[in-house]
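Asker: What follows is a structure written as structure tokens; I'll ask about it next.
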Amino acid sequence: MATGSKRNLETAALIVGAGSGERFGRAKAFVSWRGEPLLFWAARPFARIAQIDRLVLVVREADQEAAYQVLHRLGKRGSVAVGGATRSASVRAGLATLPRAVGRVLVHDAARPNVSEQLVARVLEATGECVLPALQIHDALHRAQAQAAVIDRNGVLRVQTPQMLDRDLLARLHAENPEAADDGGLAIAAGVQVQYVAGEEGNVKVTTPQDLAWLDRITGGLRVGQGFDIHRLEANRRLVVCGVELESERGAIGHSDADAACHALMDAILGAASLPDIGYYFPPGDPRFANADSIGLLAEVGRLARTAGWSVVHADLTVLLEAPKISPHRDEMQERLAGALGLDAAAISIKATTAEGLGPIGAGDGIAAWAVATLRAWSED
Ligand code: MG
């Protein structure tokens, strides 16, 4: 039965990420790219398309909790399944979690984080029993073995994911071939009529760390945002700067922990993502944010920007404070800010200066901070 005739049934997306990721030293699905695991980016277009009714994230047992958090951040109905030792075992584990109402399934590699909504939509619109995105090959193909040979590339295709199959067909193919690595290949071997749709060059399968650098080059533009904040200082208050509490006779007045530098950075990030300012998301009168840890709020701002399609790649801060000195704490401050945003410490620059005794800040009555944040679009669409 063609998938097209099952349109009254639900559609599920199975994102398969239970591999060990030997070349990364950790499960590839949870390698971080732009502050989120590859699994998040790979599943995101499916989460955003209304025709996809549910997601199934198939991961290693040790990654279950992290996968539930990804599912929560994606805001889509779905489940987490524990994969097996082979790809086929993982697909079968994912299928086992599906309710009977699901009639067709899109299987996608968690290692393809740059899949576009357009590609998913193209696959969904096709009506074949097995739909495969594929690309032509323009390079010459040689077989580099003892019997070196040129392969005729005419009619040879590179096949990507997501691959859409009738649910019962997919279950039957994997039940009969428990060692199989490729859903489309199984269908062809079983004599199923396969329909190809246009794949995308950007739908790269991440195999080595260099592939992530390549993805960075081919995806998205840059945005810059700036932020400023100032707080009064007075006796018997805490002084928190970039998430680090400093020993000081005077501390900052504010509703939260009054971390002016952290607040300037939050506004810079929100500005670059064209989102409202921190007063909108964390109103000063809101009791939920009384004495709030601004590092936690910064992490939330990072997530808001990512949801809007932007990831922080760099931040540069200047703190204006008469005393105490910032420099002995700079490394720790970098770690705190970078940790909240899922970045390396080297992506955060913190500079400090005094006001040379000039004006109220020079008199020790205040702290001011400026921040410039650079964000990269995770994709152009
Ligand atoms: Mg503030």
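Ordered as shown in the structure tokens, chains take letters A, B, and onward, while each chain numbers its residues from 1 and ligands are numbered from 1 in the order shown.
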For the structure I just gave you, how does DSSP split range 4-130 of chain A - specifically, which residues are strand (DSSP E or B)? Reply as an NGL selection string.
Answerer: :A and (10-17 or 32-33 or 36-37 or 54-59 or 78-82 or 102-109 or 130)
Asker: Mind dumping a table of every range 169-216 of chain A residue within 12 Å of range 24-48 of chain A, with the nearest atom pair and its distance in Å to one decimal, using only C-alpha atoms, sorted by chain and rising number, as a Markdown table?
Answerer:
| residue | atom | partner | partner_atom | distance |
| --- | --- | --- | --- | --- |
| A:Asn203 | CA | A:Ala42 | CA | 9.7 |
| A:Val204 | CA | A:Ala42 | CA | 10.7 |
| A:Lys205 | CA | A:Ala42 | CA | 10.3 |
| A:Val206 | CA | A:Lys28 | CA | 8.4 |
| A:Thr207 | CA | A:Lys28 | CA | 8.4 |
| A:Thr208 | CA | A:Phe24 | CA | 7.1 |
| A:Pro209 | CA | A:Phe24 | CA | 6.8 |
| A:Gln210 | CA | A:Phe24 | CA | 10.5 |
| A:Asp211 | CA | A:Trp33 | CA | 11.0 |
| A:Leu212 | CA | A:Trp33 | CA | 7.4 |
| A:Ala213 | CA | A:Trp33 | CA | 9.6 |
| A:Trp214 | CA | A:Trp33 | CA | 11.8 |
| A:Leu215 | CA | A:Trp33 | CA | 9.6 |
| A:Asp216 | CA | A:Trp33 | CA | 9.0 |
Asker: How would the residues just picked look written out with N, CA, C and O atoms as a compact mmCIF listing (two decimals), in the first residue's frame?
Answerer:
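Printed below is result-v2.txt as written:
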# COMPACT_ATOMS: atom_id res chain seq x y z
N ASN A 203 22.91 19.00 3.60
CA ASN A 203 22.44 17.96 4.53
C ASN A 203 23.58 16.97 4.81
O ASN A 203 23.48 15.78 4.56
N VAL A 204 24.66 17.53 5.36
CA VAL A 204 25.91 16.79 5.55
C VAL A 204 25.75 15.77 6.68
O VAL A 204 25.12 16.06 7.71
N LYS A 205 26.33 14.59 6.49
CA LYS A 205 26.38 13.61 7.59
C LYS A 205 27.69 13.82 8.34
O LYS A 205 28.77 13.62 7.79
N VAL A 206 27.58 14.25 9.59
CA VAL A 206 28.77 14.55 10.37
C VAL A 206 29.46 13.25 10.77
O VAL A 206 28.86 12.41 11.45
N THR A 207 30.69 13.08 10.30
CA THR A 207 31.44 11.86 10.57
C THR A 207 32.70 12.16 11.36
O THR A 207 33.11 11.38 12.21
N THR A 208 33.33 13.30 11.08
CA THR A 208 34.55 13.69 11.78
C THR A 208 34.37 15.11 12.33
O THR A 208 33.49 15.85 11.88
N PRO A 209 35.21 15.52 13.29
CA PRO A 209 35.12 16.90 13.80
C PRO A 209 35.28 17.94 12.69
O PRO A 209 34.70 19.03 12.77
N GLN A 210 36.03 17.61 11.63
CA GLN A 210 36.19 18.57 10.53
C GLN A 210 34.86 18.85 9.84
O GLN A 210 34.65 19.94 9.29
N ASP A 211 33.95 17.87 9.87
CA ASP A 211 32.65 18.09 9.23
C ASP A 211 31.88 19.21 9.93
O ASP A 211 31.09 19.92 9.29
N LEU A 212 32.08 19.36 11.25
CA LEU A 212 31.40 20.44 11.97
C LEU A 212 31.93 21.80 11.52
O LEU A 212 31.17 22.75 11.36
N ALA A 213 33.24 21.88 11.33
CA ALA A 213 33.83 23.14 10.85
C ALA A 213 33.30 23.46 9.45
O ALA A 213 33.00 24.62 9.13
N TRP A 214 33.15 22.43 8.63
CA TRP A 214 32.60 22.62 7.29
C TRP A 214 31.16 23.13 7.37
O TRP A 214 30.76 24.07 6.67
N LEU A 215 30.38 22.53 8.26
CA LEU A 215 28.99 22.99 8.44
C LEU A 215 28.95 24.45 8.85
O LEU A 215 28.11 25.21 8.38
N ASP A 216 29.86 24.85 9.74
CA ASP A 216 29.91 26.25 10.17
C ASP A 216 30.13 27.17 8.97
O ASP A 216 29.58 28.25 8.90
Asker: At what distance in Å, to one decimal, does CA of Glu129 in chain A lie from CA of Arg167 in chain A?
Answerer: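 Result for CA of Arg167 in chain A versus CA of Glu129 in chain A: 9.5 Å, one decimal.
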Asker: Would you mind listing, for every residue of chain A within 7 Å of ligand 1, the two atoms forming the shortest contact and the distance between them in Å to one decimal, using only C-alpha atoms and all ligand atoms, sorted by chain and ascending residue number, as CSV?
Answerer:
residue,atom,partner,partner_atom_place_in_ligand_line,distance
A:Asp229,CA,ligand 1,1 (Mg),5.4
A:Ile230,CA,ligand 1,1 (Mg),6.3
A:His231,CA,ligand 1,1 (Mg),6.3
A:Gly254,CA,ligand 1,1 (Mg),6.8
A:Ala258,CA,ligand 1,1 (Mg),5.5
A:Asp259,CA,ligand 1,1 (Mg),6.3
A:Ala260,CA,ligand 1,1 (Mg),4.8
A:His263,CA,ligand 1,1 (Mg),5.1
Asker: With all heavy atoms retained, export the selected residues as a PDB file, in the first residue's frame.
Answerer:
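Here's the written file result-v6.pdb:
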ATOM      1  N   ASP A 229      24.590  47.961  30.686  1.00  0.00           N
ATOM      2  CA  ASP A 229      23.855  47.955  31.953  1.00  0.00           C
ATOM      3  C   ASP A 229      24.656  48.705  33.004  1.00  0.00           C
ATOM      4  O   ASP A 229      25.884  48.786  32.927  1.00  0.00           O
ATOM      5  CB  ASP A 229      23.576  46.519  32.424  1.00  0.00           C
ATOM      6  CG  ASP A 229      22.498  46.480  33.509  1.00  0.00           C
ATOM      7  OD1 ASP A 229      21.674  47.422  33.581  1.00  0.00           O
ATOM      8  OD2 ASP A 229      22.478  45.511  34.291  1.00  0.00           O
ATOM      9  N   ILE A 230      23.937  49.246  33.964  1.00  0.00           N
ATOM     10  CA  ILE A 230      24.583  49.991  35.058  1.00  0.00           C
ATOM     11  C   ILE A 230      23.815  49.709  36.345  1.00  0.00           C
ATOM     12  O   ILE A 230      22.579  49.591  36.316  1.00  0.00           O
ATOM     13  CB  ILE A 230      24.617  51.500  34.709  1.00  0.00           C
ATOM     14  CG1 ILE A 230      25.436  52.295  35.727  1.00  0.00           C
ATOM     15  CG2 ILE A 230      23.221  52.084  34.564  1.00  0.00           C
ATOM     16  CD1 ILE A 230      25.830  53.680  35.229  1.00  0.00           C
ATOM     17  N   HIS A 231      24.524  49.509  37.443  1.00  0.00           N
ATOM     18  CA  HIS A 231      23.881  49.320  38.747  1.00  0.00           C
ATOM     19  C   HIS A 231      24.589  50.177  39.784  1.00  0.00           C
ATOM     20  O   HIS A 231      25.810  50.362  39.724  1.00  0.00           O
ATOM     21  CB  HIS A 231      23.954  47.842  39.182  1.00  0.00           C
ATOM     22  CG  HIS A 231      22.929  46.977  38.520  1.00  0.00           C
ATOM     23  ND1 HIS A 231      21.759  46.597  39.129  1.00  0.00           N
ATOM     24  CD2 HIS A 231      22.896  46.439  37.273  1.00  0.00           C
ATOM     25  CE1 HIS A 231      21.058  45.838  38.287  1.00  0.00           C
ATOM     26  NE2 HIS A 231      21.731  45.732  37.151  1.00  0.00           N
ATOM     27  N   GLY A 254      19.931  45.649  43.032  1.00  0.00           N
ATOM     28  CA  GLY A 254      19.113  45.197  41.902  1.00  0.00           C
ATOM     29  C   GLY A 254      18.160  44.134  42.365  1.00  0.00           C
ATOM     30  O   GLY A 254      18.273  43.613  43.475  1.00  0.00           O
ATOM     31  N   ALA A 258      21.973  41.347  40.388  1.00  0.00           N
ATOM     32  CA  ALA A 258      22.487  42.649  39.930  1.00  0.00           C
ATOM     33  C   ALA A 258      23.851  42.529  39.243  1.00  0.00           C
ATOM     34  O   ALA A 258      24.725  43.378  39.411  1.00  0.00           O
ATOM     35  CB  ALA A 258      22.546  43.635  41.093  1.00  0.00           C
ATOM     36  N   ASP A 259      24.007  41.479  38.445  1.00  0.00           N
ATOM     37  CA  ASP A 259      25.249  41.244  37.705  1.00  0.00           C
ATOM     38  C   ASP A 259      25.192  42.049  36.407  1.00  0.00           C
ATOM     39  O   ASP A 259      24.709  41.583  35.375  1.00  0.00           O
ATOM     40  CB  ASP A 259      25.373  39.741  37.433  1.00  0.00           C
ATOM     41  CG  ASP A 259      26.693  39.347  36.791  1.00  0.00           C
ATOM     42  OD1 ASP A 259      27.358  40.220  36.197  1.00  0.00           O
ATOM     43  OD2 ASP A 259      27.043  38.158  36.889  1.00  0.00           O
ATOM     44  N   ALA A 260      25.698  43.302  36.482  1.00  0.00           N
ATOM     45  CA  ALA A 260      25.555  44.237  35.354  1.00  0.00           C
ATOM     46  C   ALA A 260      26.204  43.685  34.078  1.00  0.00           C
ATOM     47  O   ALA A 260      25.660  43.847  32.977  1.00  0.00           O
ATOM     48  CB  ALA A 260      26.167  45.590  35.714  1.00  0.00           C
ATOM     49  N   HIS A 263      24.071  41.063  32.579  1.00  0.00           N
ATOM     50  CA  HIS A 263      22.857  41.677  32.005  1.00  0.00           C
ATOM     51  C   HIS A 263      23.171  42.362  30.669  1.00  0.00           C
ATOM     52  O   HIS A 263      22.383  42.289  29.719  1.00  0.00           O
ATOM     53  CB  HIS A 263      22.262  42.699  32.977  1.00  0.00           C
ATOM     54  CG  HIS A 263      21.759  42.076  34.244  1.00  0.00           C
ATOM     55  ND1 HIS A 263      21.273  42.810  35.303  1.00  0.00           N
ATOM     56  CD2 HIS A 263      21.684  40.764  34.621  1.00  0.00           C
ATOM     57  CE1 HIS A 263      20.915  41.993  36.289  1.00  0.00           C
ATOM     58  NE2 HIS A 263      21.157  40.745  35.891  1.00  0.00           N
TER      59      HIS A 263
END
Asker: Going by DSSP on the backbone, which bits of range 34-204 of chain A are alpha helix (DSSP H)? Write them as a PyMOL selection string, please.
Answerer: chain A and resi 38-48+64-74+87-96+117-125+167-176+183-189
Asker: Tell me which protein, DNA and RNA residues are within 7 Å of range 147-160 of chain A, counting only C-alpha atoms, leaving out same-chain ones fewer than 3 positions away, and put them as a ChimeraX atom specification.
Answerer: /A:132-137,140-144,199
Asker: Those residues you just picked out, can you put them in a file as a short mmCIF file (atom, residue, chain, number, x, y, z; two decimals), in the first residue's frame with all heavy atoms?
Answerer:
data_model
loop_
_atom_site.label_atom_id
_atom_site.label_comp_id
_atom_site.auth_asym_id
_atom_site.auth_seq_id
_atom_site.Cartn_x
_atom_site.Cartn_y
_atom_site.Cartn_z
N LEU A 132 13.16 8.51 -0.95
CA LEU A 132 14.56 8.73 -0.56
C LEU A 132 15.09 10.03 -1.15
O LEU A 132 14.99 10.23 -2.36
CB LEU A 132 15.44 7.57 -1.09
CG LEU A 132 14.96 6.15 -0.79
CD1 LEU A 132 15.90 5.15 -1.48
CD2 LEU A 132 14.96 5.90 0.71
N PRO A 133 15.67 10.93 -0.32
CA PRO A 133 16.32 12.11 -0.88
C PRO A 133 17.70 11.71 -1.43
O PRO A 133 18.44 10.98 -0.76
CB PRO A 133 16.46 13.05 0.32
CG PRO A 133 16.34 12.19 1.53
CD PRO A 133 15.71 10.89 1.15
N ALA A 134 18.02 12.17 -2.61
CA ALA A 134 19.27 11.74 -3.24
C ALA A 134 19.85 12.85 -4.08
O ALA A 134 19.15 13.77 -4.51
CB ALA A 134 19.03 10.49 -4.09
N LEU A 135 21.16 12.77 -4.30
CA LEU A 135 21.89 13.75 -5.11
C LEU A 135 22.70 13.03 -6.16
O LEU A 135 23.18 11.91 -5.94
CB LEU A 135 22.83 14.57 -4.21
CG LEU A 135 22.17 15.56 -3.26
CD1 LEU A 135 23.19 16.03 -2.24
CD2 LEU A 135 21.60 16.74 -4.03
N GLN A 136 22.90 13.73 -7.28
CA GLN A 136 23.77 13.17 -8.32
C GLN A 136 25.22 13.33 -7.89
O GLN A 136 25.55 14.11 -7.00
CB GLN A 136 23.51 13.90 -9.62
CG GLN A 136 22.11 13.62 -10.14
CD GLN A 136 21.93 14.00 -11.58
OE1 GLN A 136 22.52 14.99 -12.01
NE2 GLN A 136 21.13 13.25 -12.31
N ILE A 137 26.08 12.60 -8.57
CA ILE A 137 27.52 12.66 -8.30
C ILE A 137 28.19 13.33 -9.49
O ILE A 137 27.97 12.93 -10.64
CB ILE A 137 28.08 11.25 -8.07
CG1 ILE A 137 27.48 10.68 -6.78
CG2 ILE A 137 29.61 11.27 -7.99
CD1 ILE A 137 27.79 9.23 -6.55
N ALA A 140 34.44 12.18 -10.48
CA ALA A 140 34.73 10.86 -11.04
C ALA A 140 34.79 9.85 -9.90
O ALA A 140 35.18 10.19 -8.78
CB ALA A 140 36.05 10.88 -11.79
N LEU A 141 34.40 8.62 -10.17
CA LEU A 141 34.41 7.57 -9.15
C LEU A 141 35.38 6.47 -9.54
O LEU A 141 35.29 5.92 -10.65
CB LEU A 141 33.00 6.96 -9.00
CG LEU A 141 31.93 7.81 -8.35
CD1 LEU A 141 30.59 7.08 -8.39
CD2 LEU A 141 32.30 8.12 -6.91
N HIS A 142 36.31 6.15 -8.62
CA HIS A 142 37.25 5.06 -8.86
C HIS A 142 37.11 4.04 -7.74
O HIS A 142 36.86 4.42 -6.59
CB HIS A 142 38.70 5.56 -8.87
CG HIS A 142 39.02 6.41 -10.05
ND1 HIS A 142 40.31 6.76 -10.38
CD2 HIS A 142 38.22 6.98 -10.99
CE1 HIS A 142 40.30 7.51 -11.46
NE2 HIS A 142 39.03 7.67 -11.85
N ARG A 143 37.30 2.80 -8.07
CA ARG A 143 37.38 1.78 -7.04
C ARG A 143 38.86 1.57 -6.73
O ARG A 143 39.62 1.13 -7.60
CB ARG A 143 36.74 0.47 -7.52
CG ARG A 143 36.58 -0.56 -6.41
CD ARG A 143 36.05 -1.88 -6.95
NE ARG A 143 34.81 -1.71 -7.71
CZ ARG A 143 33.61 -1.55 -7.15
NH1 ARG A 143 33.49 -1.52 -5.84
NH2 ARG A 143 32.54 -1.41 -7.89
N ALA A 144 39.30 1.97 -5.50
CA ALA A 144 40.73 1.94 -5.17
C ALA A 144 41.08 0.64 -4.47
O ALA A 144 41.32 0.61 -3.28
CB ALA A 144 41.07 3.13 -4.30
N GLY A 199 17.79 15.69 -2.85
CA GLY A 199 18.45 15.90 -1.56
C GLY A 199 19.08 17.28 -1.51
O GLY A 199 18.80 18.12 -2.38
#
Asker: Nearest residue to Leu317 in chain A out of A:Gly225, A:Gly279, A:Gly357, A:Gly185, using only C-alpha atoms?
Answerer: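 Using only C-alpha atoms, the shortest distance to Leu317 in chain A belongs to A:Gly225.
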Asker: When you look at Thr86 in chain A with a cut-off of 10 Å (counting only C-alpha atoms), what residues show up, excluding the ones that are within fewer than 5 positions of it in the same chain? I need them as a VMD selection string.
Answerer: chain A and resid 18 to 19 91 to 92 178 to 181
Asker: How about saving the chosen residues, N, CA, C and O atoms kept, as a PDB file, in the first residue's frame?
Answerer:
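Final output, out-v2.pdb:
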ATOM      1  N   ALA A  18      21.961   6.404  18.229  1.00  0.00           N
ATOM      2  CA  ALA A  18      22.444   5.511  19.287  1.00  0.00           C
ATOM      3  C   ALA A  18      23.870   5.041  19.044  1.00  0.00           C
ATOM      4  O   ALA A  18      24.403   4.220  19.790  1.00  0.00           O
ATOM      5  N   GLY A  19      24.533   5.575  18.006  1.00  0.00           N
ATOM      6  CA  GLY A  19      25.914   5.165  17.709  1.00  0.00           C
ATOM      7  C   GLY A  19      26.888   5.701  18.751  1.00  0.00           C
ATOM      8  O   GLY A  19      26.570   6.619  19.499  1.00  0.00           O
ATOM      9  N   VAL A  91      16.371   1.145  14.902  1.00  0.00           N
ATOM     10  CA  VAL A  91      15.128   1.459  14.184  1.00  0.00           C
ATOM     11  C   VAL A  91      13.986   0.614  14.755  1.00  0.00           C
ATOM     12  O   VAL A  91      12.885   1.116  15.006  1.00  0.00           O
ATOM     13  N   ARG A  92      14.263  -0.662  15.017  1.00  0.00           N
ATOM     14  CA  ARG A  92      13.205  -1.534  15.571  1.00  0.00           C
ATOM     15  C   ARG A  92      12.778  -1.055  16.958  1.00  0.00           C
ATOM     16  O   ARG A  92      11.593  -1.065  17.286  1.00  0.00           O
ATOM     17  N   PRO A 178      18.007  -8.087  10.328  1.00  0.00           N
ATOM     18  CA  PRO A 178      18.412  -7.389  11.551  1.00  0.00           C
ATOM     19  C   PRO A 178      19.809  -6.782  11.512  1.00  0.00           C
ATOM     20  O   PRO A 178      20.177  -6.048  12.415  1.00  0.00           O
ATOM     21  N   GLU A 179      20.601  -7.059  10.468  1.00  0.00           N
ATOM     22  CA  GLU A 179      21.939  -6.463  10.389  1.00  0.00           C
ATOM     23  C   GLU A 179      21.966  -5.256   9.458  1.00  0.00           C
ATOM     24  O   GLU A 179      23.017  -4.644   9.269  1.00  0.00           O
ATOM     25  N   ALA A 180      20.839  -4.897   8.891  1.00  0.00           N
ATOM     26  CA  ALA A 180      20.830  -3.891   7.834  1.00  0.00           C
ATOM     27  C   ALA A 180      21.188  -2.504   8.358  1.00  0.00           C
ATOM     28  O   ALA A 180      20.869  -2.141   9.478  1.00  0.00           O
ATOM     29  N   ALA A 181      21.887  -1.728   7.497  1.00  0.00           N
ATOM     30  CA  ALA A 181      22.291  -0.385   7.898  1.00  0.00           C
ATOM     31  C   ALA A 181      21.512   0.697   7.163  1.00  0.00           C
ATOM     32  O   ALA A 181      21.573   1.853   7.537  1.00  0.00           O
TER      33      ALA A 181
END
Asker: Which is closer to Glu335 in chain A than all the others in A:Ala96, A:Leu239, A:Gly83, A:Ile295, using only C-alpha atoms?
Answerer: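 Closest to Glu335 in chain A of all the choices is A:Ile295.
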Asker: What is the distance, in Å and to one decimal place, between CA of Gly302 in chain A and CA of Arg73 in chain A?
Answerer: 12.4 Å
Asker: How many Å separate CA of Leu222 in chain A from CA of Leu375 in chain A?
Answerer: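 CA of Leu375 in chain A lies at a distance of 5.6 Å from CA of Leu222 in chain A.
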Asker: List the spatial neighbours of Pro328 in chain A as a tab-separated table (two decimals) with all heavy atoms, in the first residue's frame - criterion: any atom at most 12 Å away, only C-alpha atoms, same-chain residues fewer than 5 positions off excluded.
Answerer:
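This went into part-v4.tsv:
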chain	number	residue	atom	x	y	z
A	244	VAL	N	30.58	35.66	39.00
A	244	VAL	CA	31.55	35.40	40.08
A	244	VAL	C	31.35	36.43	41.18
A	244	VAL	O	31.35	37.64	40.92
A	244	VAL	CB	32.99	35.44	39.54
A	244	VAL	CG1	34.00	35.25	40.68
A	244	VAL	CG2	33.19	34.39	38.46
A	246	LEU	N	32.58	38.69	44.04
A	246	LEU	CA	33.87	39.29	44.41
A	246	LEU	C	33.83	39.79	45.85
A	246	LEU	O	32.77	40.21	46.32
A	246	LEU	CB	34.20	40.45	43.48
A	246	LEU	CG	34.21	40.14	41.97
A	246	LEU	CD1	34.56	41.39	41.19
A	246	LEU	CD2	35.20	39.03	41.65
A	247	GLU	N	34.97	39.74	46.50
A	247	GLU	CA	35.05	40.34	47.85
A	247	GLU	C	35.09	41.85	47.69
A	247	GLU	O	35.96	42.39	47.02
A	247	GLU	CB	36.31	39.85	48.55
A	247	GLU	CG	36.04	38.61	49.37
A	247	GLU	CD	37.20	38.28	50.29
A	247	GLU	OE1	37.68	39.19	50.98
A	247	GLU	OE2	37.61	37.11	50.26
A	333	MET	N	35.44	33.94	35.34
A	333	MET	CA	34.30	34.64	34.74
A	333	MET	C	34.03	34.14	33.32
A	333	MET	O	32.88	33.91	32.93
A	333	MET	CB	34.57	36.15	34.71
A	333	MET	CG	34.57	36.79	36.09
A	333	MET	SD	35.04	38.54	35.98
A	333	MET	CE	34.81	39.02	37.71
A	334	GLN	N	35.12	33.95	32.56
A	334	GLN	CA	34.97	33.41	31.19
A	334	GLN	C	34.29	32.06	31.23
A	334	GLN	O	33.38	31.79	30.44
A	334	GLN	CB	36.34	33.26	30.53
A	334	GLN	CG	36.93	34.54	29.98
A	334	GLN	CD	38.29	34.26	29.35
A	334	GLN	OE1	39.15	33.67	30.01
A	334	GLN	NE2	38.47	34.68	28.13
A	350	ILE	N	36.71	39.20	28.21
A	350	ILE	CA	36.30	40.11	29.30
A	350	ILE	C	37.43	41.10	29.55
A	350	ILE	O	38.55	40.72	29.84
A	350	ILE	CB	35.99	39.32	30.59
A	350	ILE	CG1	34.83	38.35	30.36
A	350	ILE	CG2	35.66	40.29	31.73
A	350	ILE	CD1	34.62	37.36	31.49
A	351	LYS	N	37.10	42.37	29.41
A	351	LYS	CA	38.07	43.43	29.69
A	351	LYS	C	37.52	44.30	30.80
A	351	LYS	O	36.30	44.42	30.96
A	351	LYS	CB	38.30	44.28	28.44
A	351	LYS	CG	38.62	43.44	27.21
A	351	LYS	CD	38.81	44.25	25.96
A	351	LYS	CE	37.63	45.11	25.59
A	351	LYS	NZ	36.37	44.40	25.42
A	352	ALA	N	38.42	44.89	31.60
A	352	ALA	CA	37.95	45.74	32.69
A	352	ALA	C	38.79	47.01	32.74
A	352	ALA	O	39.96	47.01	32.38
A	352	ALA	CB	38.06	45.00	34.02
